[in-house]
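A short write-up of the structure that comes next.
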Amino acid sequence: MTLLALVDCDNFYASCERVFRPDLRKKPIVVLSNNDGCVIARSKEAKAMGIKMGVPWFQIKRAYLAQGGEAFSSNFALYGDLSSRVMHVLAGMVNNIEVYSIDEAFLDLQHMQTSSHAYEFGIYCRNIVRQWVGIPVRIGIAPTKTLAKIASHIAKQRAGGTGVLCLNEQHHIERALKNLSVHEIWGVGRNLSRRLNALNIYSGYELMQSDTRFIRDKFSVVLERTVRELRSEQCLQIHRNTEPKKQIIVSRSFGKKIVDLEQMRPLVSNFAVRASEKLRNEGQKCLQVSVLIFTSPFNNQAQYRGFHTIQFPSPVSDTRDILAGAQTALSNCFKRGYSYAKAGVILNQFSKHSITQGLLFNEIDQCIHVKQDDKLMQYIDSMNEKQAQIYYASQSPGHLLPITKSMTSPRYTTNWLDLPTAN
Amino acid sequence: MTINYLGSISADDLPATFTKFFLEPVSVGFPSPANDYLESPIDLNKYLIKNNVATFLIRVSGESMINANIGDQAILIVDRSLKPKHGSIVVASLDGEFVCKRLQLRPRLCLLPENPAYEPIYVQHGQDLDIMGTVTAAINKFE
């Protein structure tokens with residue numbers, strides 16, 4: 001028997017806000033997206049108040065605060081640090097771990113002999129993470145990833161339970177799947193579930209009973225794998241996190257609307273600079289830079305989404321190249337007459353440090369003349385690490401963070417000035 | 001016989017000093033006599049922190065622990081993974097606030113200050129007390 005576990009942090013961002021604020025233990029908490037646009041995390045109490053995920057903050061602000069709710073701008077320095085602590089604690093307990101997202105990880109429980117052994121391990125694991133880091137987690141244990149997701153989902157719904165659920169016995173699995181509609185299954189979205197419903201497949205149990213070849217022909221190999229996983233056949237392995245990133249995105253909503261190109265340029269430059277730093281941090285170079293600009297979907301003015309991609313003749317990670325590419329892309333997709341609320345820079349088509357092709361054509365490419373200088377970038381990065389901020393001419397230091405974050409909690413674990421205090 | 005023996009010798013068979021001498025590129029100038037004795041510099045993190053994923057830093061406000069050598073603005077090293085004992089200095093949250101005190105379990109639960117100007121805190125029934133972790137060290141900075 002092989003078992004694996006999904007460890008999922010409860011309402012992660014909201015729980016992080018509580019670690020150094022014991023006074024908030026039973027209070028409703030919501031965490032807002034960058035720029036305080038909308039709700040991206042809710043504590044149990046906020047959910048009970050009927051606050052929906054993704055709801056714009058301005059719509060609920062007044063009533064929510066009047067009822068004694070607490071709101072925070074997102075504090076990713078804090079969430080990132082606590083996440084990494086949780087993952088390190090977990091990694092110390094098993095041979096193999098896959099960090100799946102900032103608040104979820106799959107653990108390999110191959111060495112567990114019985115499900116009661118695995119269940120006890122789950123309880124132990126949960127207590128340790130709670131005690132050591134202060135973050136509550138729930139744990140779903142099952143023979144496959146897809147079933148482990150379901151187990152953790154059920155553990156979440158059981159108020160007052162242990163937070164650990166082992167789904168291993170066939171009759172337990174079947175009962176759980178009968179109570180589960182297909183759209184709640186990992187990898188089955190709204191769209192797919194509508195098509196399944198049309199074929200009279202409504203519950204997880206009905207999906208599990210479906211003919212695998214029929215599913216493969218009618219849908220995809222991916223969904224066939226899901227069916228097999230529901231039948232306790234392990235199709236998805238636990239991947240150690242060694243795969244490099246395949247894309248880097250830096251995007252933000254603006255504090256105020258942007259209407260002309262000259263206002264937009266420095267903001268896009270800021271994103272491009274940040275994206276280039278991330279790229280070098282990964283030890284990668286890219287062949288493509290894209291720019292995205294949006295109007296706000298929350299007002300009644302004309303809507304527009306602009307997108308343009310620039311291809312480099314050879315892989316780059318030099319901020320100057322990426323800036324040039326981003327600005328060209330922006331010129332190509334910017335349209336007058338709209339008020340923009342959000343923009344982003346995306347880097348794509350990564351390759352490791354080496355010039356792969358096109359050297360010969362660099363000289364004649366009029367559009368982007370690649371400057372790529374590893375030494376210079378290393379130097380600038382090391383200067384910036386020491387807080388001596390070097391800006392590029394097209395940036396706008398005043399608007400470096402075009403974000404209005406009015407309610408950010410202190411960076412308790414990453415900044416000396418923000419340490420929590422005790423009397 | 002001797003020649004055969006020498007011919008089959010590999011770097012691994014040489015004594016350590018030999019290997020160093022022959023296989024490392026030689027730079028001009030006198031080698032530092034300390035080269036063979038290099039150790040990594042003293043690391044305060046290692047000295048102060050045993051379990052870094054469970055360790056948090058907390059700043060002290062006030063002088064209630066002055067006799068335990070914890071001054072105002074001292075930085076506490078708090079290890080959440082160490083189980084607090086009778087007599088441990090702990091950081092606890094009491095009614096929603098962090099306090100740093102000495103934990104007394106016997107004869108009754110109490111948080112003791114280390115300063116006669118402060119009163120012991122007897123935890124009442126119904127009060128919210130949570131021990132966050134054990135204080136393993138305090139850093140007082142003088143300048």
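Residues in the structure tokens are named by chain (A, B, ... in the order shown) and by number from 1 within that chain; ligands are numbered from 1 in the order shown.
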
Any chance you could tabulate, as a Markdown table, the residues of chain B at most 6 Å from chain A with each one's nearest atom pair and distance in Å to one decimal, using only C-alpha atoms, in chain and rising number order?
| residue | atom | partner | partner_atom | distance |
| --- | --- | --- | --- | --- |
| B:Val53 | CA | A:Arg85 | CA | 5.0 |
| B:Ala54 | CA | A:Trp132 | CA | 4.7 |
| B:Ile58 | CA | A:Pro420 | CA | 5.2 |
| B:Arg59 | CA | A:Thr421 | CA | 4.6 |
| B:Val60 | CA | A:Ala422 | CA | 5.1 |
| B:Ser61 | CA | A:Asn423 | CA | 4.9 |
| B:Gly62 | CA | A:Asn423 | CA | 5.9 |
| B:Arg80 | CA | A:Trp132 | CA | 4.9 |
| B:Ser81 | CA | A:Trp132 | CA | 5.1 |
| B:Gly96 | CA | A:Asp23 | CA | 3.7 |
| B:Phe98 | CA | A:Ala422 | CA | 4.6 |
| B:Val99 | CA | A:Ala422 | CA | 4.6 |
| B:Cys100 | CA | A:Ala422 | CA | 5.8 |

Please write the residues from the selection above to a file, keeping N, CA and C atoms, as a PDB file, in the first residue's frame.
ATOM      1  N   VAL B  53      13.538  27.120  11.960  1.00  0.00           N
ATOM      2  CA  VAL B  53      12.170  27.265  11.438  1.00  0.00           C
ATOM      3  C   VAL B  53      11.174  27.582  12.548  1.00  0.00           C
ATOM      4  N   ALA B  54      11.531  27.241  13.797  1.00  0.00           N
ATOM      5  CA  ALA B  54      10.596  27.476  14.903  1.00  0.00           C
ATOM      6  C   ALA B  54      11.024  28.657  15.767  1.00  0.00           C
ATOM      7  N   ILE B  58      11.642  38.607  19.100  1.00  0.00           N
ATOM      8  CA  ILE B  58      10.631  39.508  19.671  1.00  0.00           C
ATOM      9  C   ILE B  58      11.329  40.587  20.473  1.00  0.00           C
ATOM     10  N   ARG B  59      10.868  41.807  20.333  1.00  0.00           N
ATOM     11  CA  ARG B  59      11.494  42.927  21.036  1.00  0.00           C
ATOM     12  C   ARG B  59      10.778  43.163  22.365  1.00  0.00           C
ATOM     13  N   VAL B  60      11.576  43.409  23.401  1.00  0.00           N
ATOM     14  CA  VAL B  60      11.009  43.632  24.721  1.00  0.00           C
ATOM     15  C   VAL B  60      10.678  45.104  24.893  1.00  0.00           C
ATOM     16  N   SER B  61       9.558  45.353  25.526  1.00  0.00           N
ATOM     17  CA  SER B  61       9.220  46.729  25.846  1.00  0.00           C
ATOM     18  C   SER B  61       9.012  46.794  27.361  1.00  0.00           C
ATOM     19  N   GLY B  62       9.801  47.595  28.036  1.00  0.00           N
ATOM     20  CA  GLY B  62       9.660  47.740  29.486  1.00  0.00           C
ATOM     21  C   GLY B  62      10.733  46.981  30.256  1.00  0.00           C
ATOM     22  N   ARG B  80       9.811  28.177  19.553  1.00  0.00           N
ATOM     23  CA  ARG B  80       8.466  27.633  19.748  1.00  0.00           C
ATOM     24  C   ARG B  80       8.476  26.127  19.880  1.00  0.00           C
ATOM     25  N   SER B  81       9.596  25.485  19.523  1.00  0.00           N
ATOM     26  CA  SER B  81       9.607  24.027  19.548  1.00  0.00           C
ATOM     27  C   SER B  81      10.034  23.482  20.914  1.00  0.00           C
ATOM     28  N   GLY B  96      -4.735  38.527  24.527  1.00  0.00           N
ATOM     29  CA  GLY B  96      -4.473  39.181  23.257  1.00  0.00           C
ATOM     30  C   GLY B  96      -3.219  40.027  23.202  1.00  0.00           C
ATOM     31  N   PHE B  98       1.206  40.096  23.917  1.00  0.00           N
ATOM     32  CA  PHE B  98       2.392  39.306  24.248  1.00  0.00           C
ATOM     33  C   PHE B  98       3.041  39.830  25.516  1.00  0.00           C
ATOM     34  N   VAL B  99       3.411  38.916  26.414  1.00  0.00           N
ATOM     35  CA  VAL B  99       4.189  39.288  27.591  1.00  0.00           C
ATOM     36  C   VAL B  99       5.381  38.349  27.701  1.00  0.00           C
ATOM     37  N   CYS B 100       6.471  38.857  28.267  1.00  0.00           N
ATOM     38  CA  CYS B 100       7.632  38.017  28.529  1.00  0.00           C
ATOM     39  C   CYS B 100       7.769  37.928  30.047  1.00  0.00           C
TER      40      CYS B 100
END

(message) Which residues are near Tyr122 (chain B)? Cut-off 7 Å, only C-alpha atoms, ignore same chain within fewer than 3 positions. Put them as a ChimeraX atom specification.
(response) /B:109-111

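The coordinates place CA of Ile185 (chain A) at 10.9 Å from CA of Glu229 (chain A).
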
(message) I want to know what sits within 9 Å of Val31 (chain A), based on only C-alpha atoms, with residues of the same chain fewer than 6 positions away left out; could you give that as a ChimeraX atom specification?
(response) /A:13-14,17,38-43,70-75

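Relative to CA of Leu330 (chain A), CA of Arg265 (chain A) is found at 7.7 Å.
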
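Selecting strand (DSSP E) from the backbone DSSP output for region 289-343 of chain A yields Val289, Ser290, Val291, Leu292, Ile293, Phe294, Thr295, Arg305, Gly306, Phe307, His308, Thr309, Ile310, Gln311, Phe312, Pro313, Ser314, Pro315, Val316, Tyr340, Ala341, Lys342 and Ala343 of chain A.
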
Output N, CA and C atoms of each residue in that selection to a file, as an mmCIF file, in the first residue's frame.
data_model
loop_
_atom_site.group_PDB
_atom_site.id
_atom_site.type_symbol
_atom_site.label_atom_id
_atom_site.label_comp_id
_atom_site.auth_asym_id
_atom_site.auth_seq_id
_atom_site.Cartn_x
_atom_site.Cartn_y
_atom_site.Cartn_z
ATOM 1 N N VAL A 289 9.471 39.047 -24.343
ATOM 2 C CA VAL A 289 8.853 39.874 -23.313
ATOM 3 C C VAL A 289 7.504 40.344 -23.847
ATOM 4 N N SER A 290 6.480 40.273 -22.984
ATOM 5 C CA SER A 290 5.157 40.736 -23.388
ATOM 6 C C SER A 290 4.666 41.786 -22.410
ATOM 7 N N VAL A 291 3.828 42.663 -22.911
ATOM 8 C CA VAL A 291 3.194 43.665 -22.057
ATOM 9 C C VAL A 291 1.692 43.516 -22.182
ATOM 10 N N LEU A 292 1.035 43.636 -21.023
ATOM 11 C CA LEU A 292 -0.412 43.514 -20.945
ATOM 12 C C LEU A 292 -0.955 44.786 -20.313
ATOM 13 N N ILE A 293 -1.999 45.360 -20.858
ATOM 14 C CA ILE A 293 -2.644 46.498 -20.180
ATOM 15 C C ILE A 293 -4.154 46.289 -20.162
ATOM 16 N N PHE A 294 -4.785 46.675 -19.073
ATOM 17 C CA PHE A 294 -6.227 46.462 -18.891
ATOM 18 C C PHE A 294 -6.919 47.736 -18.453
ATOM 19 N N THR A 295 -8.189 47.854 -18.856
ATOM 20 C CA THR A 295 -9.058 48.842 -18.216
ATOM 21 C C THR A 295 -9.749 48.145 -17.055
ATOM 22 N N ARG A 305 -8.366 45.513 -23.585
ATOM 23 C CA ARG A 305 -7.223 44.752 -23.098
ATOM 24 C C ARG A 305 -6.185 44.740 -24.204
ATOM 25 N N GLY A 306 -5.015 45.282 -23.897
ATOM 26 C CA GLY A 306 -3.957 45.296 -24.901
ATOM 27 C C GLY A 306 -2.894 44.269 -24.558
ATOM 28 N N PHE A 307 -2.296 43.663 -25.579
ATOM 29 C CA PHE A 307 -1.262 42.659 -25.362
ATOM 30 C C PHE A 307 -0.324 42.658 -26.556
ATOM 31 N N HIS A 308 0.977 42.706 -26.289
ATOM 32 C CA HIS A 308 1.919 42.604 -27.397
ATOM 33 C C HIS A 308 3.191 41.907 -26.933
ATOM 34 N N THR A 309 3.774 41.119 -27.832
ATOM 35 C CA THR A 309 4.973 40.354 -27.495
ATOM 36 C C THR A 309 6.130 40.737 -28.399
ATOM 37 N N ILE A 310 7.307 40.864 -27.793
ATOM 38 C CA ILE A 310 8.523 41.125 -28.565
ATOM 39 C C ILE A 310 9.443 39.917 -28.441
ATOM 40 N N GLN A 311 9.974 39.477 -29.569
ATOM 41 C CA GLN A 311 10.879 38.332 -29.590
ATOM 42 C C GLN A 311 12.322 38.852 -29.652
ATOM 43 N N PHE A 312 13.193 38.317 -28.790
ATOM 44 C CA PHE A 312 14.603 38.716 -28.852
ATOM 45 C C PHE A 312 15.366 37.784 -29.778
ATOM 46 N N PRO A 313 16.387 38.294 -30.437
ATOM 47 C CA PRO A 313 17.181 37.446 -31.338
ATOM 48 C C PRO A 313 18.018 36.432 -30.569
ATOM 49 N N SER A 314 18.386 36.710 -29.329
ATOM 50 C CA SER A 314 19.119 35.747 -28.518
ATOM 51 C C SER A 314 18.657 35.922 -27.072
ATOM 52 N N PRO A 315 18.866 34.896 -26.220
ATOM 53 C CA PRO A 315 18.345 34.973 -24.853
ATOM 54 C C PRO A 315 18.957 36.129 -24.072
ATOM 55 N N VAL A 316 18.136 36.843 -23.315
ATOM 56 C CA VAL A 316 18.621 37.989 -22.548
ATOM 57 C C VAL A 316 18.174 37.912 -21.094
ATOM 58 N N TYR A 340 -6.712 53.168 -17.973
ATOM 59 C CA TYR A 340 -6.163 51.870 -17.626
ATOM 60 C C TYR A 340 -6.063 51.694 -16.115
ATOM 61 N N ALA A 341 -6.357 50.470 -15.657
ATOM 62 C CA ALA A 341 -6.356 50.192 -14.216
ATOM 63 C C ALA A 341 -5.246 49.233 -13.828
ATOM 64 N N LYS A 342 -4.700 48.512 -14.810
ATOM 65 C CA LYS A 342 -3.738 47.471 -14.475
ATOM 66 C C LYS A 342 -2.797 47.230 -15.643
ATOM 67 N N ALA A 343 -1.553 46.876 -15.354
ATOM 68 C CA ALA A 343 -0.625 46.510 -16.412
ATOM 69 C C ALA A 343 0.305 45.425 -15.899
#

(message) Could you pull out the alpha helix (DSSP H) residues of region 182-380 of chain A, going by DSSP on the backbone, and write them as an NGL selection string?
(response) :A and (190-198 or 204-209 or 212-218 or 221-230 or 261-281 or 319-333 or 359-362 or 374-380)

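Once His86 (chain B) and its same-chain neighbours fewer than 4 positions away are set aside, Arg102, Leu103, Gln104, Leu105 and Arg106 of chain B remain within 9 Å of it when counting only C-alpha atoms.
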
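Distances to Phe350 (chain A) were evaluated for A:Glu206, A:Glu282, A:Asp260, A:Asp108 using only C-alpha atoms, and the minimum falls at A:Glu282.
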